[in-house]
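S.K.: First, the structure itself, so that you have it in front of you.
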Amino acid sequence: MMTSNKLKIFNDPIYGFITIPNSQIFDLIEHKYFQRLRRITQMGLSYLVYPGANHTRFHHAIGCMHLMQKAINVLRFKEVTISEEEEQALYSAILLHDIGHGPFSHAMEHSIVNGVSHEEISLLFMEKLNKEFNGSLTLAIKIFKGEYERPFLCELISSQLDMDRADYLKRDSFYTGVAEGNVNSERLITMLNVENDRLVVEEKGIYSVEKFLVARRFMYWQVYLHKTGLVAEQLLTRVLKRAKELTNKGVQLQSSKALQFFLTNEVSLENFDDETLETFSKLDDTDIISAMKEWQYHDDFVLSQLCEMIINRNLLKIKLKNKPITQKLLNSHLQKLIEKYNITREEAEYFVFIDSISNQAYQSKMQAIKILQKSGKVVDIVKASDQFNIKALSKPVTKYYICFPKD
């Protein structure tokens with residue numbers, strides 16, 4: 001019997017050739033739960049703003065695994081001990097860190113599942129896979145949960161300088177064409193070290209860290225929190241909310257079986273059992289797009305209008321302000337819409353609403369980024385940097401917005 005060649009190579013537009021480190025990682029990548037990520041865009045509806053942003057969660061996860069290989073090599077070269085079991089666990093954990101994302105990434109979390117985050121669903125998938133893989137993901141799960149006794153391994157998966165951020169900033173900047181977000185992940189990784197079991201950056205890497213934080217701030221305001229992208233995501237959340245509302249009233253909506261399940265059932269973390277997980281694994285962007293293509297002709301005014309707006313990119317208008325939006329302004333837009341279409345206030349609120357966004361490029365309260373000075377002293381990046389902007393980047397910036405239909 002021929003054994004299949006499991007040490008395959010991916011050709012990635014950003015890093016060139018990426019090798020799969022071993023056969024277990026190959027088997028995880030081959031698994032249907034992981035393959036589903038090919039059908040989930042990394043940046044939700046951002047392609048309505050940046051036409052190139054069609055890359056997927058699959059693409060990103062493979063990139064993260066590649067950077068993790070680099071990080072392990074760098075740390076071992078600096079005589080940091082990482083056992084083979086730990087190495088394997090790091091690959092598995094970083095590969096599966098986003099496996100719980102629903103269609104269009106974040107819209108699901110706020111509409112058809114009740115307060116279940118993608119991290120929690122990722123964990124459920126990992127535990128299910130752990131059973132299939134005879135317990136070989138136990139250490140990966142421990143690291144993913146941040147419970148392993150060597151904190152730097154957990155920091156490689158989730159911290160302010162983790163492999164996830166190192167990949168998505170570079171990848172998203174490449175696919176959107178926003179050059180300011182392009183960070184030199186490889187150089188940053190080369191500067192990593194470990195001191196007292198915590199991840200640190202060597203002093204000569206300080207400018208790379210500064211550039212990384214500035215790039216992150218840039219990408220948030222210019223890409224992730226771009227006003228048109230915000231409107232599109234808000235509309236999508238509202239489409240799903242309305243669809244669920246109508247289904248609860250007994251209205252029959254055409255959709256895939258998987259989507260039907262989540263529209264019909266109240267799903268929360270308490271009842272997210274194996275069957276729910278299996279159904280969730282069948283959901284991807286395609287279910288939502290094909291549902292909206294049908295629903296744009298539905299006789300419910302709210303549902304059809306919302307779907308038509310996304311499908312034809314005829315979105316709501318959005319105004320960003322530095323101060324909270326007044327109730328008076330909100331009411332006047334609502335009133336206008338109610339009179340124009342003879343709809344109820346509740347229906348009008350699907351199209352006229354206020355919200356806020358905030359962004360903090362560097363959370364000094366979270367695990368701070370530590371700089372290892374030549375003297376052997378470890379200090380916070382804010383203290384080590386002569387750049388006043390790192391302090392500025394630590395302050396959260398909040399913007400307020402109102403959305404309403406174009407005239």
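Ligands are numbered from 1 in the order shown, chains are lettered A, B, ... in the order of the structure tokens, and residues start at 1 in each chain.
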List the spatial neighbours of A:Leu37 as a list in words - criterion: any atom at most 7 Å away, only C-alpha atoms, same-chain residues fewer than 6 positions off excluded.
M.R.: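 Non-adjacent residues within range: Thr56, Arg57 and Phe58 of chain A.
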S.K.: Please write the residues from the selection above to a file, keeping N, CA and C atoms, as a compact mmCIF listing (two decimals), in the first residue's frame.
M.R.:
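Saved the output as out_14.txt:
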# COMPACT_ATOMS: atom_id res chain seq x y z
N THR A 56 -8.99 34.26 2.57
CA THR A 56 -9.81 33.50 3.52
C THR A 56 -9.11 33.22 4.86
N ARG A 57 -9.92 32.75 5.79
CA ARG A 57 -9.40 32.33 7.10
C ARG A 57 -8.41 31.16 6.95
N PHE A 58 -8.63 30.34 5.95
CA PHE A 58 -7.75 29.21 5.68
C PHE A 58 -6.34 29.72 5.39
S.K.: Pull the strand (DSSP E) assignments for stretch 277-327 of chain A out of DSSP run on the backbone, and list those residues as a list of chain:residue names.
M.R.: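 Strand (DSSP E) members of stretch 277-327 of chain A, listed: A:Lys317, A:Ile318, A:Lys319, A:Leu320, A:Lys321.
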S.K.: If I take atom CA of A:Asp285 and atom CA of A:Pro103, how far is one from the other in Å, to one decimal?
M.R.: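 Computing it gives 4.6 Å between the two atoms.
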S.K.: If we count only C-alpha atoms, what is near stretch 162-179 of chain A at a cut-off of 9 Å, once residues fewer than 3 positions away on the same chain are taken out, given as a ChimeraX atom specification?
M.R.: /A:14,42-43,46-47,49-55,60-61,63-65,67-68,71,94,97,154-159,182-186,188-189,212,215-216,219,222-223
S.K.: Under the rule that only C-alpha atoms are counted, which of A:Ile343, A:Met309, A:Leu28, A:Ile325 is the nearest residue to A:Glu132?
M.R.: A:Leu28
S.K.: Using only C-alpha atoms, which residues sit within 8 Å of A:Lys244 once same-chain residues fewer than 5 positions away are excluded, as a PyMOL selection string?
M.R.: chain A and resi 112+263-264
S.K.: Please write the residues from the selection above to a file, keeping N, CA and C atoms, as an mmCIF file, in the first residue's frame.
M.R.:
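Saved as again-v5.cif:
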data_model
loop_
_atom_site.group_PDB
_atom_site.id
_atom_site.type_symbol
_atom_site.label_atom_id
_atom_site.label_comp_id
_atom_site.auth_asym_id
_atom_site.auth_seq_id
_atom_site.Cartn_x
_atom_site.Cartn_y
_atom_site.Cartn_z
ATOM 1 N N ILE A 112 -27.329 35.535 15.348
ATOM 2 C CA ILE A 112 -28.097 34.287 15.407
ATOM 3 C C ILE A 112 -27.568 33.267 16.413
ATOM 4 N N LEU A 263 -31.610 29.806 12.554
ATOM 5 C CA LEU A 263 -32.707 30.776 12.569
ATOM 6 C C LEU A 263 -33.853 30.270 13.450
ATOM 7 N N THR A 264 -34.018 28.947 13.465
ATOM 8 C CA THR A 264 -35.145 28.348 14.181
ATOM 9 C C THR A 264 -34.857 28.145 15.666
#
S.K.: Give me, as number ranges by chain, all polymer residues having an atom no more than 12 Å from A:Leu48, counting only C-alpha atoms and skipping those fewer than 5 positions away in the same chain.
M.R.: A: 43, 53-54, 176, 223, 226-233, 309-315
S.K.: So that I have them on file, write out the residues from the current selection with all heavy atoms, as a compact mmCIF listing (two decimals), in the first residue's frame.
M.R.:
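Below is the file out.txt, written as the result:
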# COMPACT_ATOMS: atom_id res chain seq x y z
N MET A 43 -11.79 38.94 6.04
CA MET A 43 -12.16 40.30 6.41
C MET A 43 -13.63 40.62 6.19
O MET A 43 -14.01 41.75 5.92
CB MET A 43 -11.28 41.29 5.63
CG MET A 43 -9.83 41.22 6.05
SD MET A 43 -8.81 42.32 5.08
CE MET A 43 -9.53 43.90 5.47
N ALA A 53 -9.74 42.32 -1.14
CA ALA A 53 -9.77 41.66 0.18
C ALA A 53 -10.68 40.43 0.18
O ALA A 53 -11.64 40.36 0.93
CB ALA A 53 -10.20 42.65 1.24
N ASN A 54 -10.35 39.47 -0.66
CA ASN A 54 -11.15 38.25 -0.73
C ASN A 54 -10.44 37.04 -0.12
O ASN A 54 -10.89 35.92 -0.27
CB ASN A 54 -11.50 37.94 -2.19
CG ASN A 54 -12.72 38.71 -2.64
OD1 ASN A 54 -13.75 38.66 -1.98
ND2 ASN A 54 -12.59 39.44 -3.73
N THR A 176 -5.49 44.29 0.70
CA THR A 176 -6.27 45.53 0.54
C THR A 176 -5.48 46.54 -0.29
O THR A 176 -6.04 47.46 -0.86
CB THR A 176 -6.58 46.19 1.90
OG1 THR A 176 -5.35 46.35 2.63
CG2 THR A 176 -7.54 45.36 2.71
N VAL A 223 -8.85 50.37 7.58
CA VAL A 223 -9.37 49.13 7.00
C VAL A 223 -10.44 48.47 7.87
O VAL A 223 -11.61 48.40 7.50
CB VAL A 223 -8.22 48.13 6.72
CG1 VAL A 223 -8.75 46.84 6.13
CG2 VAL A 223 -7.20 48.76 5.76
N HIS A 226 -13.16 50.88 8.76
CA HIS A 226 -13.52 51.77 7.65
C HIS A 226 -15.03 51.96 7.66
O HIS A 226 -15.78 50.99 7.83
CB HIS A 226 -13.07 51.14 6.32
CG HIS A 226 -13.26 52.04 5.16
ND1 HIS A 226 -14.50 52.34 4.66
CD2 HIS A 226 -12.36 52.71 4.38
CE1 HIS A 226 -14.36 53.16 3.62
NE2 HIS A 226 -13.07 53.39 3.44
N LYS A 227 -15.48 53.19 7.48
CA LYS A 227 -16.91 53.46 7.68
C LYS A 227 -17.83 52.65 6.76
O LYS A 227 -18.87 52.16 7.19
CB LYS A 227 -17.21 54.95 7.62
CG LYS A 227 -16.87 55.65 6.33
CD LYS A 227 -17.00 57.17 6.51
CE LYS A 227 -16.78 57.88 5.19
NZ LYS A 227 -17.92 58.50 4.61
N THR A 228 -17.41 52.44 5.51
CA THR A 228 -18.26 51.66 4.60
C THR A 228 -18.31 50.19 5.03
O THR A 228 -19.36 49.55 4.99
CB THR A 228 -17.72 51.76 3.15
OG1 THR A 228 -17.52 53.14 2.86
CG2 THR A 228 -18.68 51.15 2.16
N GLY A 229 -17.17 49.67 5.48
CA GLY A 229 -17.13 48.30 5.99
C GLY A 229 -18.00 48.14 7.23
O GLY A 229 -18.69 47.13 7.41
N LEU A 230 -17.99 49.19 8.08
CA LEU A 230 -18.81 49.18 9.29
C LEU A 230 -20.29 49.08 8.94
O LEU A 230 -21.03 48.29 9.51
CB LEU A 230 -18.63 50.50 10.06
CG LEU A 230 -17.50 50.61 11.06
CD1 LEU A 230 -17.53 52.00 11.68
CD2 LEU A 230 -17.64 49.57 12.15
N VAL A 231 -20.72 49.92 7.99
CA VAL A 231 -22.13 49.91 7.58
C VAL A 231 -22.51 48.53 7.06
O VAL A 231 -23.54 47.97 7.44
CB VAL A 231 -22.38 50.96 6.46
CG1 VAL A 231 -23.79 50.82 5.92
CG2 VAL A 231 -22.17 52.34 6.99
N ALA A 232 -21.64 47.96 6.20
CA ALA A 232 -21.95 46.66 5.60
C ALA A 232 -22.11 45.59 6.69
O ALA A 232 -23.05 44.79 6.67
CB ALA A 232 -20.86 46.27 4.62
N GLU A 233 -21.20 45.60 7.67
CA GLU A 233 -21.29 44.59 8.73
C GLU A 233 -22.53 44.79 9.59
O GLU A 233 -23.21 43.84 9.98
CB GLU A 233 -20.03 44.62 9.59
CG GLU A 233 -19.99 43.42 10.53
CD GLU A 233 -18.61 43.13 11.11
OE1 GLU A 233 -17.62 43.12 10.35
OE2 GLU A 233 -18.54 42.90 12.33
N MET A 309 -29.59 46.06 -0.23
CA MET A 309 -28.50 47.02 0.02
C MET A 309 -27.12 46.34 -0.03
O MET A 309 -26.18 46.87 -0.60
CB MET A 309 -28.68 47.67 1.41
CG MET A 309 -29.73 48.74 1.44
SD MET A 309 -29.95 49.35 3.14
CE MET A 309 -31.03 50.74 2.82
N ILE A 310 -27.03 45.16 0.58
CA ILE A 310 -25.72 44.48 0.60
C ILE A 310 -25.40 43.88 -0.76
O ILE A 310 -24.30 44.06 -1.29
CB ILE A 310 -25.69 43.37 1.68
CG1 ILE A 310 -25.87 43.98 3.06
CG2 ILE A 310 -24.37 42.59 1.62
CD1 ILE A 310 -25.98 42.99 4.20
N ILE A 311 -26.37 43.18 -1.35
CA ILE A 311 -26.13 42.50 -2.63
C ILE A 311 -25.70 43.49 -3.71
O ILE A 311 -24.79 43.24 -4.48
CB ILE A 311 -27.39 41.71 -3.08
CG1 ILE A 311 -27.68 40.55 -2.10
CG2 ILE A 311 -27.26 41.19 -4.51
CD1 ILE A 311 -26.73 39.37 -2.15
N ASN A 312 -26.38 44.65 -3.76
CA ASN A 312 -26.07 45.62 -4.82
C ASN A 312 -25.16 46.75 -4.35
O ASN A 312 -24.99 47.74 -5.05
CB ASN A 312 -27.37 46.20 -5.39
CG ASN A 312 -28.25 45.10 -5.97
OD1 ASN A 312 -27.73 44.10 -6.48
ND2 ASN A 312 -29.55 45.26 -5.88
N ARG A 313 -24.63 46.59 -3.16
CA ARG A 313 -23.75 47.59 -2.55
C ARG A 313 -24.36 48.99 -2.60
O ARG A 313 -23.72 49.97 -2.97
CB ARG A 313 -22.36 47.60 -3.22
CG ARG A 313 -21.30 48.29 -2.35
CD ARG A 313 -19.99 48.52 -3.10
NE ARG A 313 -19.01 49.20 -2.26
CZ ARG A 313 -19.03 50.52 -2.05
NH1 ARG A 313 -19.97 51.28 -2.58
NH2 ARG A 313 -18.11 51.07 -1.27
N ASN A 314 -25.61 49.03 -2.21
CA ASN A 314 -26.29 50.32 -2.15
C ASN A 314 -26.53 50.58 -0.66
O ASN A 314 -27.62 50.39 -0.15
CB ASN A 314 -27.61 50.23 -2.93
CG ASN A 314 -28.38 51.51 -2.86
OD1 ASN A 314 -27.82 52.57 -2.61
ND2 ASN A 314 -29.69 51.42 -3.07
N LEU A 315 -25.46 50.96 0.05
CA LEU A 315 -25.47 50.92 1.51
C LEU A 315 -26.07 52.18 2.15
O LEU A 315 -26.38 53.14 1.46
CB LEU A 315 -24.04 50.70 2.02
CG LEU A 315 -23.31 49.51 1.39
CD1 LEU A 315 -21.83 49.54 1.75
CD2 LEU A 315 -23.93 48.20 1.84
S.K.: From the set A:Ser385, A:Thr247, A:Ser268, A:Gln360, which residue has the shortest atom-to-atom contact distance to A:Val209, counting only C-alpha atoms?
M.R.: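 The shortest atom-to-atom distance to A:Val209 comes from A:Ser385.
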S.K.: Which polymer residues have any atom within 9 Å of an atom of A:His333, counting only C-alpha atoms, with same-chain residues fewer than 6 positions away left out, as a ChimeraX atom specification?
M.R.: /A:352,404-405
S.K.: A:Val382, A:Val80, A:Leu192, A:Ile357: which is nearest A:Pro324, counting only C-alpha atoms?
M.R.: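 Checking each candidate against A:Pro324, we get A:Ile357 as the closest.
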S.K.: Find the residue from A:Ala243, A:Leu75, A:Leu393, A:Ile143 that sits nearest to A:Met191; use only C-alpha atoms when measuring.
M.R.: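 Of A:Ala243, A:Leu75, A:Leu393, A:Ile143, the one nearest A:Met191, counting only C-alpha atoms, is A:Leu75.
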S.K.: Quick one: residues within 6 Å of stretch 291-293 of chain A, only C-alpha atoms counted, chain neighbours fewer than 3 positions away excluded, as an mmCIF file with C-alpha atoms, in the first residue's frame?
M.R.:
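What ended up in out21.cif:
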data_model
loop_
_atom_site.group_PDB
_atom_site.id
_atom_site.type_symbol
_atom_site.label_atom_id
_atom_site.label_comp_id
_atom_site.auth_asym_id
_atom_site.auth_seq_id
_atom_site.Cartn_x
_atom_site.Cartn_y
_atom_site.Cartn_z
ATOM 1 C CA SER A 255 -32.253 29.087 3.245
ATOM 2 C CA ILE A 288 -25.502 33.779 3.846
ATOM 3 C CA GLN A 296 -34.011 40.539 -1.452
ATOM 4 C CA CYS A 307 -30.518 42.305 1.568
#
S.K.: Tell me which of A:Ile289, A:Leu124, A:Leu90, A:Val239 sits closest to A:His110, counting only C-alpha atoms.
M.R.: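 Of A:Ile289, A:Leu124, A:Leu90, A:Val239, the one nearest A:His110 is A:Val239, counting only C-alpha atoms.
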S.K.: To one decimal place in Å, what is the distance between atom CA of A:Asp197 and atom CA of A:Pro151?
M.R.: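 One can read the atom CA of A:Asp197 to atom CA of A:Pro151 distance as 6.1 Å.
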S.K.: Using DSSP on the backbone coordinates, identify all residues within stretch 190-315 of chain A classified as helix (DSSP H, G or I); present the result as number ranges by chain.
M.R.: A: 190, 203-224, 227-248, 257-264, 269-271, 274-280, 285-295, 301-311
